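Below is upload-v5.txt, holding compact mmCIF, C-alpha atoms.
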```txt
# COMPACT_ATOMS: atom_id res chain seq x y z
CA MET E 1 3.71 3.52 -24.76
CA ILE E 2 5.02 -0.06 -24.62
CA GLU E 3 5.25 -1.84 -27.96
CA LYS E 4 5.37 -5.34 -26.44
CA GLN E 5 2.67 -7.98 -26.67
CA ILE E 6 1.52 -9.04 -23.21
CA HIS E 7 -0.44 -12.22 -22.55
CA PHE E 8 -2.17 -12.96 -19.24
CA ILE E 9 -2.81 -16.56 -18.28
CA GLY E 10 -5.58 -16.06 -15.76
CA GLY E 11 -8.04 -13.18 -15.64
CA GLY E 12 -8.82 -12.89 -11.93
CA GLN E 13 -9.04 -9.81 -9.73
CA MET E 14 -5.29 -9.05 -9.61
CA ALA E 15 -4.91 -9.52 -13.36
CA GLU E 16 -7.86 -7.20 -13.92
CA ALA E 17 -6.40 -4.57 -11.57
CA ILE E 18 -3.13 -4.59 -13.50
CA ILE E 19 -4.89 -4.46 -16.86
CA ARG E 20 -7.14 -1.61 -15.72
CA ALA E 21 -4.14 0.40 -14.47
CA VAL E 22 -1.87 -0.05 -17.51
CA VAL E 23 -4.68 0.67 -19.96
CA THR E 24 -5.94 3.70 -18.01
CA ASN E 25 -2.39 5.07 -17.63
CA GLN E 26 -1.76 4.46 -21.35
CA THR E 27 1.27 2.34 -20.51
CA ILE E 28 0.14 -0.06 -23.20
CA SER E 29 -2.78 -0.12 -25.60
CA ALA E 30 -5.51 -2.66 -24.92
CA ASP E 31 -5.07 -4.30 -28.34
CA ARG E 32 -1.59 -5.43 -27.26
CA ILE E 33 -2.99 -7.32 -24.25
CA SER E 34 -4.49 -10.81 -24.47
CA VAL E 35 -6.06 -12.96 -21.76
CA THR E 36 -7.01 -16.60 -21.41
CA ASP E 37 -9.00 -18.05 -18.52
CA ILE E 38 -11.12 -21.13 -17.88
CA ASN E 39 -14.09 -18.86 -17.09
CA GLU E 40 -15.67 -17.73 -20.37
CA ALA E 41 -17.89 -15.18 -18.64
CA ARG E 42 -14.81 -13.61 -17.09
CA LEU E 43 -13.13 -13.33 -20.49
CA GLN E 44 -16.22 -11.71 -21.97
CA PHE E 45 -16.26 -9.16 -19.14
CA LEU E 46 -12.56 -8.28 -19.58
CA SER E 47 -12.97 -7.92 -23.33
CA GLN E 48 -16.05 -5.74 -23.11
CA THR E 49 -14.73 -3.60 -20.23
CA TYR E 50 -11.12 -3.01 -21.27
CA GLY E 51 -10.96 -3.96 -24.94
CA VAL E 52 -8.34 -6.70 -24.47
CA ASN E 53 -8.11 -9.73 -26.77
CA THR E 54 -9.74 -12.90 -25.53
CA ASP E 55 -11.10 -14.56 -28.67
CA SER E 56 -8.15 -16.63 -29.90
CA ALA E 57 -6.55 -19.88 -28.77
CA GLN E 58 -3.86 -19.69 -26.13
CA GLU E 59 -1.34 -21.16 -28.57
CA LYS E 60 -1.65 -18.08 -30.80
CA PHE E 61 -1.37 -15.64 -27.91
CA LEU E 62 1.71 -17.42 -26.56
CA ALA E 63 3.43 -17.40 -29.93
CA GLU E 64 2.99 -13.61 -30.19
CA ALA E 65 3.79 -12.69 -26.59
CA ASP E 66 6.87 -10.81 -25.38
CA LEU E 67 5.72 -10.96 -21.75
CA ILE E 68 3.62 -13.83 -20.38
CA VAL E 69 1.95 -12.97 -17.08
CA ILE E 70 1.13 -16.03 -14.97
CA ALA E 71 -1.86 -14.90 -12.91
CA VAL E 72 -3.28 -18.15 -11.55
CA ARG E 73 -3.50 -19.63 -8.04
CA PRO E 74 -0.52 -21.42 -6.44
CA GLN E 75 -2.55 -24.66 -6.38
CA ASP E 76 -3.38 -24.56 -10.11
CA ASN E 77 -1.66 -26.84 -12.63
CA LEU E 78 1.52 -24.86 -13.34
CA ALA E 79 3.14 -27.90 -14.94
CA ALA E 80 0.51 -27.94 -17.70
CA LEU E 81 0.88 -24.20 -18.25
CA GLY E 82 4.65 -24.62 -18.41
CA HIS E 83 4.33 -27.31 -21.05
CA ALA E 84 2.19 -25.03 -23.22
CA VAL E 85 4.61 -22.11 -22.81
CA GLN E 86 7.64 -24.21 -23.71
CA GLN E 87 5.82 -25.64 -26.73
CA PHE E 88 4.40 -22.44 -28.23
CA ALA E 89 6.15 -19.34 -26.83
CA ALA E 90 9.36 -17.87 -28.22
CA PRO E 91 12.48 -18.69 -26.15
CA THR E 92 12.97 -14.96 -25.50
CA ALA E 93 9.45 -14.44 -24.16
CA ALA E 94 9.74 -13.54 -20.47
CA ILE E 95 7.61 -15.05 -17.75
CA VAL E 96 6.14 -12.58 -15.27
CA SER E 97 4.78 -14.62 -12.37
CA ILE E 98 2.43 -13.02 -9.84
CA VAL E 99 1.75 -16.40 -8.20
CA ALA E 100 2.34 -16.00 -4.46
CA GLY E 101 4.83 -18.36 -2.85
CA VAL E 102 6.05 -20.18 -5.98
CA THR E 103 9.84 -19.89 -6.13
CA MET E 104 12.04 -19.04 -9.06
CA ASP E 105 13.44 -22.59 -9.08
CA LYS E 106 9.95 -24.06 -9.34
CA LEU E 107 9.00 -21.58 -12.07
CA ALA E 108 12.14 -22.45 -14.04
CA GLY E 109 11.27 -26.13 -13.75
CA PHE E 110 7.85 -25.43 -15.26
CA PHE E 111 8.65 -22.77 -17.88
CA GLY E 112 12.27 -23.42 -18.86
CA GLU E 113 15.63 -23.32 -17.12
CA GLU E 114 17.06 -20.68 -19.48
CA ARG E 115 13.95 -18.56 -19.95
CA PRO E 116 13.81 -15.01 -18.52
CA ILE E 117 11.67 -15.20 -15.39
CA ILE E 118 10.50 -12.24 -13.35
CA ARG E 119 8.78 -12.99 -10.09
CA VAL E 120 6.46 -10.13 -9.11
CA ILE E 121 4.43 -9.59 -5.98
CA PRO E 122 2.12 -6.78 -7.15
CA ASN E 123 0.82 -4.14 -4.81
CA THR E 124 -2.93 -3.82 -4.28
CA LEU E 125 -2.98 -0.04 -4.83
CA THR E 126 -2.77 -0.34 -8.61
CA ASP E 127 -5.44 2.28 -9.32
CA THR E 128 -3.67 4.97 -7.28
CA GLY E 129 -0.12 4.81 -8.67
CA TYR E 130 1.13 4.31 -5.11
CA GLY E 131 2.48 1.18 -3.48
CA TYR E 132 5.52 -0.94 -4.30
CA SER E 133 5.56 -4.20 -6.19
CA GLY E 134 8.34 -6.54 -5.09
CA VAL E 135 10.33 -7.94 -8.02
CA ALA E 136 13.00 -10.64 -8.31
CA LEU E 137 14.81 -11.50 -11.55
CA ASN E 138 16.50 -14.71 -12.57
CA ALA E 139 19.88 -14.74 -14.32
CA TYR E 140 18.29 -14.53 -17.79
CA ALA E 141 16.02 -11.55 -17.07
CA ASN E 142 16.81 -7.85 -16.77
CA GLN E 143 14.96 -4.74 -15.65
CA ASP E 144 14.62 -3.36 -19.17
CA GLN E 145 12.39 -6.28 -20.15
CA VAL E 146 9.72 -5.50 -17.58
CA GLU E 147 10.18 -2.19 -15.76
CA GLU E 148 8.05 0.01 -18.01
CA PHE E 149 5.19 -2.47 -17.70
CA LEU E 150 5.54 -2.70 -13.91
CA LEU E 151 5.63 1.07 -13.49
CA GLY E 152 2.25 1.19 -15.22
CA PHE E 153 0.58 -0.02 -12.01
CA GLY E 154 2.72 1.43 -9.21
CA LYS E 155 6.29 1.62 -8.02
CA VAL E 156 8.95 -1.09 -8.00
CA GLN E 157 11.42 -2.46 -5.48
CA TYR E 158 13.90 -5.03 -6.82
CA LEU E 159 14.68 -7.65 -4.19
CA ASP E 160 16.69 -10.74 -3.63
CA GLU E 161 14.24 -13.60 -3.94
CA SER E 162 14.91 -14.61 -0.34
CA LEU E 163 13.02 -11.46 0.71
CA ILE E 164 9.97 -11.93 -1.52
CA ASP E 165 7.82 -13.78 1.05
CA ILE E 166 8.62 -11.16 3.66
CA PHE E 167 7.76 -8.41 1.20
CA THR E 168 4.43 -10.12 0.48
CA GLY E 169 3.34 -10.35 4.12
CA TYR E 170 4.61 -6.88 4.97
CA GLY E 171 4.49 -4.66 1.89
CA VAL E 172 1.70 -6.07 -0.25
CA ALA E 173 -0.56 -6.92 2.69
CA GLY E 174 0.32 -3.54 4.17
CA PRO E 175 -2.80 -1.64 3.07
CA ASN E 176 -4.88 -4.12 5.09
CA TYR E 177 -3.23 -2.93 8.29
CA ILE E 178 -3.79 0.71 7.31
CA TYR E 179 -7.46 0.14 6.43
CA TYR E 180 -8.03 -1.60 9.76
CA PHE E 181 -6.28 1.19 11.68
CA ILE E 182 -8.34 3.91 9.96
CA GLU E 183 -11.58 2.03 10.63
CA SER E 184 -10.66 1.64 14.30
CA LEU E 185 -9.59 5.28 14.59
CA ALA E 186 -12.88 6.48 13.11
CA ASP E 187 -14.80 4.22 15.50
CA ALA E 188 -12.85 5.79 18.37
CA GLY E 189 -14.02 9.22 17.26
CA VAL E 190 -17.64 8.01 17.21
CA LEU E 191 -17.18 6.40 20.63
CA ALA E 192 -15.92 9.73 21.97
CA GLY E 193 -19.00 11.49 20.59
CA LEU E 194 -18.26 12.78 17.07
CA PRO E 195 -20.72 12.13 14.22
CA ARG E 196 -19.60 9.25 11.98
CA GLU E 197 -18.92 11.35 8.89
CA GLN E 198 -16.89 13.89 10.81
CA ALA E 199 -14.85 11.20 12.59
CA TRP E 200 -14.21 9.46 9.27
CA ASN E 201 -13.00 12.62 7.52
CA VAL E 202 -10.73 13.57 10.42
CA ALA E 203 -9.20 10.06 10.46
CA LEU E 204 -8.48 10.12 6.71
CA GLU E 205 -7.02 13.62 6.81
CA ASN E 206 -4.81 12.87 9.81
CA VAL E 207 -3.40 9.70 8.26
CA PHE E 208 -2.77 11.36 4.90
CA GLY E 209 -1.28 14.47 6.51
CA ALA E 210 0.95 12.46 8.84
CA VAL E 211 2.46 10.60 5.87
CA ILE E 212 3.12 13.87 4.03
CA MET E 213 4.69 15.31 7.20
CA LEU E 214 7.07 12.36 7.49
CA LYS E 215 8.06 12.64 3.83
CA GLN E 216 8.48 16.42 3.83
CA THR E 217 10.45 16.71 7.08
CA GLY E 218 12.49 13.52 6.83
CA LEU E 219 12.06 13.18 10.58
CA HIS E 220 11.67 9.88 12.42
CA PRO E 221 8.14 9.26 13.78
CA ARG E 222 9.51 9.43 17.32
CA GLN E 223 10.83 12.93 16.65
CA LEU E 224 7.43 14.11 15.50
CA LEU E 225 5.80 12.44 18.50
CA ASP E 226 8.17 14.38 20.77
CA ILE E 227 7.24 17.63 19.02
CA ASN E 228 3.50 16.95 19.22
CA ASN E 229 3.30 15.91 22.88
CA SER E 230 3.79 18.42 25.65
CA PRO E 231 4.51 17.30 29.22
CA GLY E 232 1.35 16.04 30.92
CA GLY E 233 -0.69 16.95 27.84
CA VAL E 234 -3.57 15.42 25.92
CA GLY E 235 -1.45 13.59 23.34
CA ILE E 236 0.90 11.86 25.77
CA HIS E 237 -2.02 10.61 27.85
CA GLY E 238 -3.55 9.07 24.73
CA LEU E 239 -0.23 7.47 23.76
CA TYR E 240 0.14 6.03 27.25
CA GLU E 241 -3.09 4.07 26.83
CA LEU E 242 -2.07 2.98 23.32
CA ASN E 243 1.24 1.69 24.70
CA ASN E 244 -0.69 -0.36 27.26
CA SER E 245 -2.85 -1.94 24.54
CA ASP E 246 -0.16 -4.16 22.94
CA PHE E 247 -0.81 -2.27 19.69
CA ALA E 248 2.76 -2.41 18.34
CA ALA E 249 3.35 -6.07 19.16
CA GLY E 250 -0.08 -7.03 17.77
CA LEU E 251 0.71 -5.32 14.49
CA GLN E 252 4.09 -7.03 14.31
CA ARG E 253 2.50 -10.44 14.99
CA SER E 254 0.04 -9.75 12.16
CA VAL E 255 2.90 -9.16 9.72
CA LEU E 256 4.71 -12.32 10.83
CA ALA E 257 1.50 -14.35 10.43
CA ALA E 258 1.05 -13.02 6.89
CA VAL E 259 4.67 -13.86 6.00
CA LYS E 260 4.24 -17.37 7.44
CA ARG E 261 1.11 -17.94 5.36
CA THR E 262 2.88 -16.79 2.19
CA THR E 263 5.60 -19.35 2.81
CA GLU E 264 3.00 -22.08 3.44
CA LEU E 265 1.23 -21.36 0.14
CA GLY E 266 4.47 -21.71 -1.76
CA ALA E 267 5.22 -25.06 -0.15
CA LYS E 268 1.98 -26.68 -1.37
```
Show the structure stored in the file as structure tokens.
Amino acid sequence: MIEKQIHFIGGGQMAEAIIRAVVTNQTISADRISVTDINEARLQFLSQTYGVNTDSAQEKFLAEADLIVIAVRPQDNLAALGHAVQQFAAPTAAIVSIVAGVTMDKLAGFFGEERPIIRVIPNTLTDTGYGYSGVALNAYANQDQVEEFLLGFGKVQYLDESLIDIFTGYGVAGPNYIYYFIESLADAGVLAGLPREQAWNVALENVFGAVIMLKQTGLHPRQLLDINNSPGGVGIHGLYELNNSDFAAGLQRSVLAAVKRTTELGAK
């Protein structure tokens, strides 16, 4: 169990998801986590639900913190937060930013040029233990400062910062594409005549099983498609129509649109 003190500035949905995961997984005890937020009702909820500390001034929490998680919106006043951190936090306290689109250079300008800064794009599958968070480190940070904490809510891929926006639109937004595909696949089963519950269960099992098959065999999807589809058979006829639907290009355009939006948020 981590012995660090962790302070969250911002108690929104992503902060809550991380807190819920690390407390549930016993990565860190709740009494080592503190949260400040402008919404008092939100703080009361987090305290009552997870047992985290919310009843002291931010200055005290910053002074005690080893990791300071910046969990606010890109358009919020990061300059004011940076001033408070530089005034009250220890020079060795590391910044863990989960603010989409805000670069390491901008974060250093706010929180200190020589402070350890870890830029994290957290996955949205925190409760499952699956999914990768994308992580970039500045020259003053190292993996040992943050890895145990990050592994408390999923897996980690360390990236060059130049790839962070791409990772956000592709990796972190990725479950959205899967959810949409499963919904559409289940609807197709209903359209063909299956009861909704049966179509839904078949869709979930096929998606889960296909992922396991890819991992266990190490085969490329195209190789498994070749195995599954006999000449003139049912499967190849279905794939023919899917190929005519612009499915692959539509999915790729969706990823590029998400990456573009991530970049736009960071530029504001």
If we count all atoms listed in the file and set the cut-off at 12 Å, which residues sit around region 211-214 of chain E, ignoring sequence neighbours fewer than 5 positions away in its own chain? Please answer as a ChimeraX atom specification.
/E:178,204-206,219-225
Could you produce a table of the residues of region 81-102 of chain E lying within 8 Å of region 51-65 of chain E, with the nearest pair of atoms per residue and their separation in Å rounded to one decimal, using all atoms listed in the file, ordered by chain and increasing residue number, as CSV?
```
residue,atom,partner,partner_atom,distance
E:Ala84,CA,E:Glu59,CA,7.5
E:Val85,CA,E:Leu62,CA,6.7
E:Phe88,CA,E:Ala63,CA,5.4
E:Ala89,CA,E:Ala63,CA,4.6
E:Ala90,CA,E:Ala63,CA,6.2
E:Ala93,CA,E:Ala65,CA,6.4
```
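Nearest residue to Pro122 (chain E), choosing from E:Arg73, E:Arg196, E:Lys106, E:Lys155 and counting all atoms listed in the file: E:Lys155.
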Would you pick out the contacts of His7 (chain E) at 8 Å or less, using all atoms listed in the file, so that residues sharing its chain but fewer than 6 positions from it are not included, and give the list as a ChimeraX atom specification?
/E:33-36,61-62,65-69
Could you pull the residues within 12 Å of Ile95 (chain E), counting all atoms listed in the file, minus those fewer than 5 positions along the same chain, as a PyMOL selection string?
chain E and resi 6-9+62+65-71+81-82+85-86+89-90+104+107-108+110-120+136-138+140-142+145-146
Between CA of Phe153 (chain E) and CA of Ile38 (chain E) - distance in Å to one decimal:
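Separation between CA of Ile38 (chain E) and CA of Phe153 (chain E): 24.8 Å.
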Between E:Ala188, E:Leu151, E:Ala257, E:Ile18, single out the one closest to Ile166 (chain E), counting only C-alpha atoms.
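Comparing E:Ala188, E:Leu151, E:Ala257, E:Ile18 against Ile166 (chain E), the winner is E:Ala257.
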Between CA of Pro74 (chain E) and CA of Gly169 (chain E), distance in Å (one decimal)
15.8 Å
If we draw a sphere of 12 Å around (-13.9, -17.0, -17.7), which residues have at least one atom in it when counting all atoms listed in the file? Please report them as a PyMOL selection string.
chain E and resi 9-13+35-47+54-55
Would you compute the distance between CA of Asn243 (chain E) and CA of Pro231 (chain E)? Give it in Å to one decimal.
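Interatomic distance here is 16.6 Å.
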Counting only C-alpha atoms, which of E:Leu125, E:Ala79, E:Val135, E:Val234 gets nearest to Arg20 (chain E)?
E:Leu125
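Distances from E:Gln87, E:Thr168, E:Gln5, E:Thr92 to Ser29 (chain E) were compared using only C-alpha atoms, and the smallest one belongs to E:Gln5.
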For Leu251 (chain E), which residue out of E:Met1, E:Phe181, E:Leu191, E:Glu197 is the nearest one, using only C-alpha atoms?
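Answer, going by the shortest atom-to-atom distance: E:Phe181.
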Can you pull out every residue within 10 Å of Tyr132 (chain E), counting all atoms listed in the file, but drop anything in the same chain fewer than 4 positions away, and send it as a VMD selection string?
chain E and resid 121 to 126 150 to 151 153 to 158 167 171 to 172
Please produce a file of those selected residues containing C-alpha atoms, as a compact mmCIF listing (two decimals), in the frame of the given file.
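The file below, selection-v7.txt, is the result:
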```txt
# COMPACT_ATOMS: atom_id res chain seq x y z
CA ILE E 121 4.43 -9.59 -5.98
CA PRO E 122 2.12 -6.78 -7.15
CA ASN E 123 0.82 -4.14 -4.81
CA THR E 124 -2.93 -3.82 -4.28
CA LEU E 125 -2.98 -0.04 -4.83
CA THR E 126 -2.77 -0.34 -8.61
CA LEU E 150 5.54 -2.70 -13.91
CA LEU E 151 5.63 1.07 -13.49
CA PHE E 153 0.58 -0.02 -12.01
CA GLY E 154 2.72 1.43 -9.21
CA LYS E 155 6.29 1.62 -8.02
CA VAL E 156 8.95 -1.09 -8.00
CA GLN E 157 11.42 -2.46 -5.48
CA TYR E 158 13.90 -5.03 -6.82
CA PHE E 167 7.76 -8.41 1.20
CA GLY E 171 4.49 -4.66 1.89
CA VAL E 172 1.70 -6.07 -0.25
```
Just checking: using all atoms listed in the file, which residue out of E:Ala15, E:Asn229, E:Glu161, E:Ala30 ends up closest to Ile98 (chain E)?
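Result for the nearest residue to Ile98 (chain E): E:Ala15.
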